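Let me begin by presenting the structure, written as structure tokens, before commenting on it.
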Amino acid sequence: MTDQTYPTSLDADGPMVRFSNVTKRYGMLTVLDSLDLDVSANEMVSIIGPSGSGKTTVLRMLMTLEEINEGVIYVDGQPLTHMDRGGALVKANAAHLRKQRGNIGMVFQHFNLFPHMTALQNCMEAPVRVLGLSKGEAEARSMELLGLVGLADKKDQHPSRLSGGQQQRVAIARALAMRPKVMLLDEVTSALDPEVIGEVLNVIRQLNSEHNLTMLMVTHQMGFAKEISDRVCFFYAGSIAEQGPPEQIFGDPQNERTRQFLSAVLEAG
């Protein structure tokens, strides 16, 4: 299928995120195979599945950290991976990717904070450099968000002086400082000690209930995914093997692979 077969934009009432026939390969290995996935505005989608099933690759492609081999990804009605040239789609250039990436925020499992900057400076950096906010505007926005994640009193602390849970909450505030339309959460609790996982999950719970964000979350926290998700997608071998509301996926899975996975994960938990 050629790029010209894809629309140059989607209807205004279309999905916030669309993967249209997206394939990702590393050499001979196909990590995602002709993925079709729509995520509605303000929808919370949890992505679960075994290691190597393509879960994190979905987020990395949305964040333009990985190039796709086939298909098109759209965000907020506009192509992310491609751009319009005379009514046809061609591969996006760096300027287009930078512009479109502004709609997307990502929180990684290993925080990725700047170690030489305070919590406040970490949150201010991108709004000043990328969005062109004044330092005063960026500071006001960052303080509001540090307050949202319960860390206004830690604004002058460097990451080395913060616990893992606190660092992850700063990372969430930093992503929100860019005012993204789509928030990506990649195993945000996997590097945390068990006693601080709850504080990060509480922040995500609050974001989900109080802010109009479209969220995609890769997680091994099955109980949390069941509680917070509008939809759960079970990935297996580079494809969505099953998807549906959490009560169906966790309560009455139809796919044998889903049943095997949940049985193993819930037993281990």
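Identifiers in the structure tokens: chain A, B, ... in order shown; residue index from 1 per chain; ligand index from 1 in order shown.
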In stretch 23-262 of chain A, DSSP alpha helix (DSSP H) residues written as JSON, numbers by chain: {"A": [55, 56, 57, 58, 59, 60, 61, 62, 94, 95, 96, 97, 98, 99, 100, 101, 119, 120, 121, 122, 123, 124, 125, 126, 127, 128, 129, 135, 136, 137, 138, 139, 140, 141, 142, 143, 144, 145, 146, 147, 148, 164, 165, 166, 167, 168, 169, 170, 171, 172, 173, 174, 175, 176, 194, 195, 196, 197, 198, 199, 200, 201, 202, 203, 204, 205, 206, 207, 208, 209, 210, 222, 223, 224, 225, 226, 227, 228, 246, 247, 248, 249, 250, 251, 256, 257, 258, 259, 260, 261, 262]}
Env of A:Arg169: 10 Å cut, atoms = only C-alpha atoms, seq-sep filter 4 positions within chain, self excluded. Answer as an mmCIF file with all heavy atoms, in the first residue's frame.
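File produced: result.cif:
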data_model
loop_
_atom_site.group_PDB
_atom_site.id
_atom_site.type_symbol
_atom_site.label_atom_id
_atom_site.label_comp_id
_atom_site.auth_asym_id
_atom_site.auth_seq_id
_atom_site.Cartn_x
_atom_site.Cartn_y
_atom_site.Cartn_z
ATOM 1 N N VAL A 107 6.008 9.889 29.623
ATOM 2 C CA VAL A 107 6.680 9.644 30.895
ATOM 3 C C VAL A 107 7.281 8.247 30.817
ATOM 4 O O VAL A 107 6.576 7.271 30.565
ATOM 5 C CB VAL A 107 5.707 9.754 32.083
ATOM 6 C CG1 VAL A 107 6.462 9.569 33.398
ATOM 7 C CG2 VAL A 107 4.999 11.108 32.070
ATOM 8 N N PHE A 111 12.388 7.769 34.481
ATOM 9 C CA PHE A 111 12.289 9.190 34.842
ATOM 10 C C PHE A 111 12.936 10.119 33.814
ATOM 11 O O PHE A 111 12.303 11.061 33.355
ATOM 12 C CB PHE A 111 12.892 9.485 36.226
ATOM 13 C CG PHE A 111 12.688 8.434 37.268
ATOM 14 C CD1 PHE A 111 13.688 8.121 38.181
ATOM 15 C CD2 PHE A 111 11.495 7.724 37.351
ATOM 16 C CE1 PHE A 111 13.501 7.142 39.144
ATOM 17 C CE2 PHE A 111 11.296 6.733 38.313
ATOM 18 C CZ PHE A 111 12.305 6.450 39.201
ATOM 19 N N ALA A 119 13.875 20.326 40.450
ATOM 20 C CA ALA A 119 12.555 19.884 39.993
ATOM 21 C C ALA A 119 11.865 20.978 39.186
ATOM 22 O O ALA A 119 11.303 20.727 38.109
ATOM 23 C CB ALA A 119 11.700 19.484 41.192
ATOM 24 N N LEU A 145 1.861 22.783 38.306
ATOM 25 C CA LEU A 145 1.895 21.344 38.045
ATOM 26 C C LEU A 145 2.634 20.587 39.143
ATOM 27 O O LEU A 145 2.250 19.467 39.490
ATOM 28 C CB LEU A 145 2.533 21.087 36.680
ATOM 29 C CG LEU A 145 1.672 21.588 35.514
ATOM 30 C CD1 LEU A 145 2.450 21.592 34.221
ATOM 31 C CD2 LEU A 145 0.408 20.739 35.378
ATOM 32 N N LEU A 146 3.680 21.184 39.701
ATOM 33 C CA LEU A 146 4.335 20.544 40.847
ATOM 34 C C LEU A 146 3.372 20.461 42.027
ATOM 35 O O LEU A 146 3.382 19.492 42.792
ATOM 36 C CB LEU A 146 5.608 21.305 41.231
ATOM 37 C CG LEU A 146 6.803 21.116 40.286
ATOM 38 C CD1 LEU A 146 7.934 22.075 40.663
ATOM 39 C CD2 LEU A 146 7.306 19.674 40.303
ATOM 40 N N LEU A 148 0.146 20.120 41.620
ATOM 41 C CA LEU A 148 -0.786 19.067 41.230
ATOM 42 C C LEU A 148 -0.272 17.685 41.625
ATOM 43 O O LEU A 148 -1.041 16.833 42.079
ATOM 44 C CB LEU A 148 -1.008 19.122 39.713
ATOM 45 C CG LEU A 148 -1.808 17.979 39.095
ATOM 46 C CD1 LEU A 148 -3.269 18.055 39.496
ATOM 47 C CD2 LEU A 148 -1.679 17.995 37.575
ATOM 48 N N VAL A 149 1.041 17.468 41.470
ATOM 49 C CA VAL A 149 1.608 16.151 41.799
ATOM 50 C C VAL A 149 2.117 16.089 43.241
ATOM 51 O O VAL A 149 2.778 15.130 43.639
ATOM 52 C CB VAL A 149 2.728 15.757 40.804
ATOM 53 C CG1 VAL A 149 2.185 15.705 39.386
ATOM 54 C CG2 VAL A 149 3.931 16.699 40.899
ATOM 55 N N GLY A 150 1.821 17.148 44.030
ATOM 56 C CA GLY A 150 2.146 17.138 45.459
ATOM 57 C C GLY A 150 3.590 17.406 45.799
ATOM 58 O O GLY A 150 4.091 16.960 46.838
ATOM 59 N N LEU A 151 4.285 18.164 44.926
ATOM 60 C CA LEU A 151 5.727 18.361 45.150
ATOM 61 C C LEU A 151 6.139 19.833 45.086
ATOM 62 O O LEU A 151 7.310 20.132 44.828
ATOM 63 C CB LEU A 151 6.539 17.561 44.119
ATOM 64 C CG LEU A 151 6.523 16.045 44.308
ATOM 65 C CD1 LEU A 151 7.271 15.377 43.163
ATOM 66 C CD2 LEU A 151 7.158 15.656 45.641
ATOM 67 N N SER A 163 13.132 10.866 46.152
ATOM 68 C CA SER A 163 12.891 9.424 46.050
ATOM 69 C C SER A 163 12.467 9.077 44.632
ATOM 70 O O SER A 163 12.136 9.952 43.824
ATOM 71 C CB SER A 163 11.780 9.005 47.020
ATOM 72 O OG SER A 163 10.520 9.500 46.569
ATOM 73 N N GLY A 164 12.457 7.779 44.321
ATOM 74 C CA GLY A 164 12.023 7.354 42.989
ATOM 75 C C GLY A 164 10.608 7.792 42.673
ATOM 76 O O GLY A 164 10.318 8.263 41.573
ATOM 77 N N GLY A 165 9.713 7.660 43.659
ATOM 78 C CA GLY A 165 8.335 8.086 43.441
ATOM 79 C C GLY A 165 8.222 9.581 43.206
ATOM 80 O O GLY A 165 7.440 10.033 42.364
ATOM 81 N N ALA A 173 4.857 15.896 35.910
ATOM 82 C CA ALA A 173 4.640 17.348 35.852
ATOM 83 C C ALA A 173 5.375 17.957 34.658
ATOM 84 O O ALA A 173 4.843 18.830 33.963
ATOM 85 C CB ALA A 173 5.109 18.000 37.152
ATOM 86 N N ARG A 174 6.597 17.490 34.412
ATOM 87 C CA ARG A 174 7.383 18.012 33.282
ATOM 88 C C ARG A 174 6.677 17.737 31.956
ATOM 89 O O ARG A 174 6.621 18.604 31.079
ATOM 90 C CB ARG A 174 8.781 17.383 33.285
ATOM 91 C CG ARG A 174 9.657 17.895 32.151
ATOM 92 C CD ARG A 174 11.054 17.319 32.187
ATOM 93 N NE ARG A 174 11.058 15.868 31.957
ATOM 94 C CZ ARG A 174 12.167 15.151 31.844
ATOM 95 N NH1 ARG A 174 13.347 15.744 31.958
ATOM 96 N NH2 ARG A 174 12.114 13.861 31.630
ATOM 97 N N ALA A 175 6.134 16.527 31.794
ATOM 98 C CA ALA A 175 5.416 16.211 30.559
ATOM 99 C C ALA A 175 4.165 17.080 30.407
ATOM 100 O O ALA A 175 3.852 17.561 29.317
ATOM 101 C CB ALA A 175 5.043 14.731 30.538
ATOM 102 N N VAL A 188 5.399 3.229 34.140
ATOM 103 C CA VAL A 188 5.892 4.306 34.999
ATOM 104 C C VAL A 188 6.132 3.868 36.444
ATOM 105 O O VAL A 188 6.735 4.613 37.217
ATOM 106 C CB VAL A 188 4.944 5.526 34.977
ATOM 107 C CG1 VAL A 188 4.946 6.161 33.593
ATOM 108 C CG2 VAL A 188 3.542 5.147 35.403
ATOM 109 N N GLU A 199 1.715 6.291 45.249
ATOM 110 C CA GLU A 199 1.685 7.750 45.109
ATOM 111 C C GLU A 199 1.688 8.156 43.635
ATOM 112 O O GLU A 199 1.052 9.155 43.256
ATOM 113 C CB GLU A 199 2.855 8.387 45.859
ATOM 114 C CG GLU A 199 4.228 8.088 45.316
ATOM 115 C CD GLU A 199 5.344 8.616 46.214
ATOM 116 O OE1 GLU A 199 5.362 8.316 47.423
ATOM 117 O OE2 GLU A 199 6.212 9.337 45.682
ATOM 118 N N VAL A 200 2.392 7.394 42.798
ATOM 119 C CA VAL A 200 2.404 7.699 41.363
ATOM 120 C C VAL A 200 1.067 7.321 40.732
ATOM 121 O O VAL A 200 0.511 8.068 39.922
ATOM 122 C CB VAL A 200 3.573 6.971 40.664
ATOM 123 C CG1 VAL A 200 3.504 7.163 39.150
ATOM 124 C CG2 VAL A 200 4.907 7.498 41.194
ATOM 125 N N LEU A 201 0.530 6.173 41.113
ATOM 126 C CA LEU A 201 -0.771 5.771 40.579
ATOM 127 C C LEU A 201 -1.863 6.758 40.969
ATOM 128 O O LEU A 201 -2.780 7.032 40.187
ATOM 129 C CB LEU A 201 -1.131 4.368 41.064
ATOM 130 C CG LEU A 201 -0.226 3.227 40.583
ATOM 131 C CD1 LEU A 201 -0.746 1.891 41.075
ATOM 132 C CD2 LEU A 201 -0.081 3.222 39.067
ATOM 133 N N VAL A 203 -1.503 9.981 41.306
ATOM 134 C CA VAL A 203 -1.380 11.135 40.416
ATOM 135 C C VAL A 203 -2.010 10.829 39.061
ATOM 136 O O VAL A 203 -2.744 11.650 38.490
ATOM 137 C CB VAL A 203 0.107 11.539 40.251
ATOM 138 C CG1 VAL A 203 0.266 12.550 39.116
ATOM 139 C CG2 VAL A 203 0.638 12.134 41.549
ATOM 140 N N ILE A 204 -1.743 9.636 38.529
ATOM 141 C CA ILE A 204 -2.330 9.258 37.243
ATOM 142 C C ILE A 204 -3.847 9.197 37.359
ATOM 143 O O ILE A 204 -4.582 9.639 36.466
ATOM 144 C CB ILE A 204 -1.761 7.908 36.773
ATOM 145 C CG1 ILE A 204 -0.248 8.033 36.549
ATOM 146 C CG2 ILE A 204 -2.443 7.460 35.478
ATOM 147 C CD1 ILE A 204 0.444 6.712 36.312
#
Distance table requested - stretch 95-117 of chain A against stretch 56-67 of chain A, cut-off 12 Å, only C-alpha atoms: one row per qualifying residue with the closest atom pair and its distance in Å to one decimal, ordered by chain and rising residue number, as JSON lines.
{"residue": "A:His96", "atom": "CA", "partner": "A:Thr64", "partner_atom": "CA", "distance": 10.9}
{"residue": "A:Leu97", "atom": "CA", "partner": "A:Thr64", "partner_atom": "CA", "distance": 7.2}
{"residue": "A:Arg98", "atom": "CA", "partner": "A:Thr64", "partner_atom": "CA", "distance": 9.0}
{"residue": "A:Lys99", "atom": "CA", "partner": "A:Thr64", "partner_atom": "CA", "distance": 11.3}
{"residue": "A:Gln100", "atom": "CA", "partner": "A:Thr64", "partner_atom": "CA", "distance": 9.4}
{"residue": "A:Arg101", "atom": "CA", "partner": "A:Met63", "partner_atom": "CA", "distance": 6.6}
{"residue": "A:Gly102", "atom": "CA", "partner": "A:Met63", "partner_atom": "CA", "distance": 9.6}
{"residue": "A:Asn103", "atom": "CA", "partner": "A:Met63", "partner_atom": "CA", "distance": 9.6}
{"residue": "A:Ile104", "atom": "CA", "partner": "A:Met63", "partner_atom": "CA", "distance": 6.8}
{"residue": "A:Gly105", "atom": "CA", "partner": "A:Met63", "partner_atom": "CA", "distance": 7.7}
{"residue": "A:Met106", "atom": "CA", "partner": "A:Met63", "partner_atom": "CA", "distance": 7.2}
{"residue": "A:Val107", "atom": "CA", "partner": "A:Leu59", "partner_atom": "CA", "distance": 10.1}
{"residue": "A:Phe108", "atom": "CA", "partner": "A:Leu59", "partner_atom": "CA", "distance": 10.0}
{"residue": "A:Gln109", "atom": "CA", "partner": "A:Thr56", "partner_atom": "CA", "distance": 10.7}
Kindly export the residues of the current selection with C-alpha atoms, as a compact mmCIF listing (two decimals), in the first residue's frame.
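Wrote it out as result_0.txt, contents follow:
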# COMPACT_ATOMS: atom_id res chain seq x y z
CA HIS A 96 7.01 18.54 10.85
CA LEU A 97 7.88 15.93 13.49
CA ARG A 98 8.93 18.64 15.96
CA LYS A 99 5.68 20.53 15.46
CA GLN A 100 3.43 17.48 15.77
CA ARG A 101 5.36 16.08 18.73
CA GLY A 102 4.25 19.13 20.70
CA ASN A 103 0.84 17.46 21.08
CA ILE A 104 2.35 14.46 22.86
CA GLY A 105 3.88 14.03 26.31
CA MET A 106 5.65 10.89 27.47
CA VAL A 107 6.68 9.64 30.89
CA PHE A 108 9.32 6.94 30.87
CA GLN A 109 9.91 4.17 33.40
Using only C-alpha atoms: which of A:Ser239, A:Ile228, A:His220, A:Met215 has the shortest distance to A:Ala264: A:His220
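Counting only C-alpha atoms, the residue from A:Gly87, A:Pro194, A:Pro245, A:Pro115 that sits nearest to A:Pro159 is A:Pro115.
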Strand (DSSP E) residues, from DSSP on the backbone, in stretch 1-53 of chain A, as a VMD selection string: chain A and resid 17 to 26 29 to 39 44 to 48
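When atom CA of A:Asp33 is paired with atom CA of A:Glu70, their separation reads 9.3 Å.
Between atom CA of A:Lys91 and atom CA of A:Gly52 the separation is 26.8 Å.
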Pick from A:Leu176, A:His158, A:Ala95, A:Val170, whichever lies nearest to A:Pro127 using only C-alpha atoms: A:Leu176
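When only C-alpha atoms are used to measure the gap to A:Pro253, the shortest distance among A:Val232, A:Gln78, A:Asp84, A:Val265 belongs to A:Val232.
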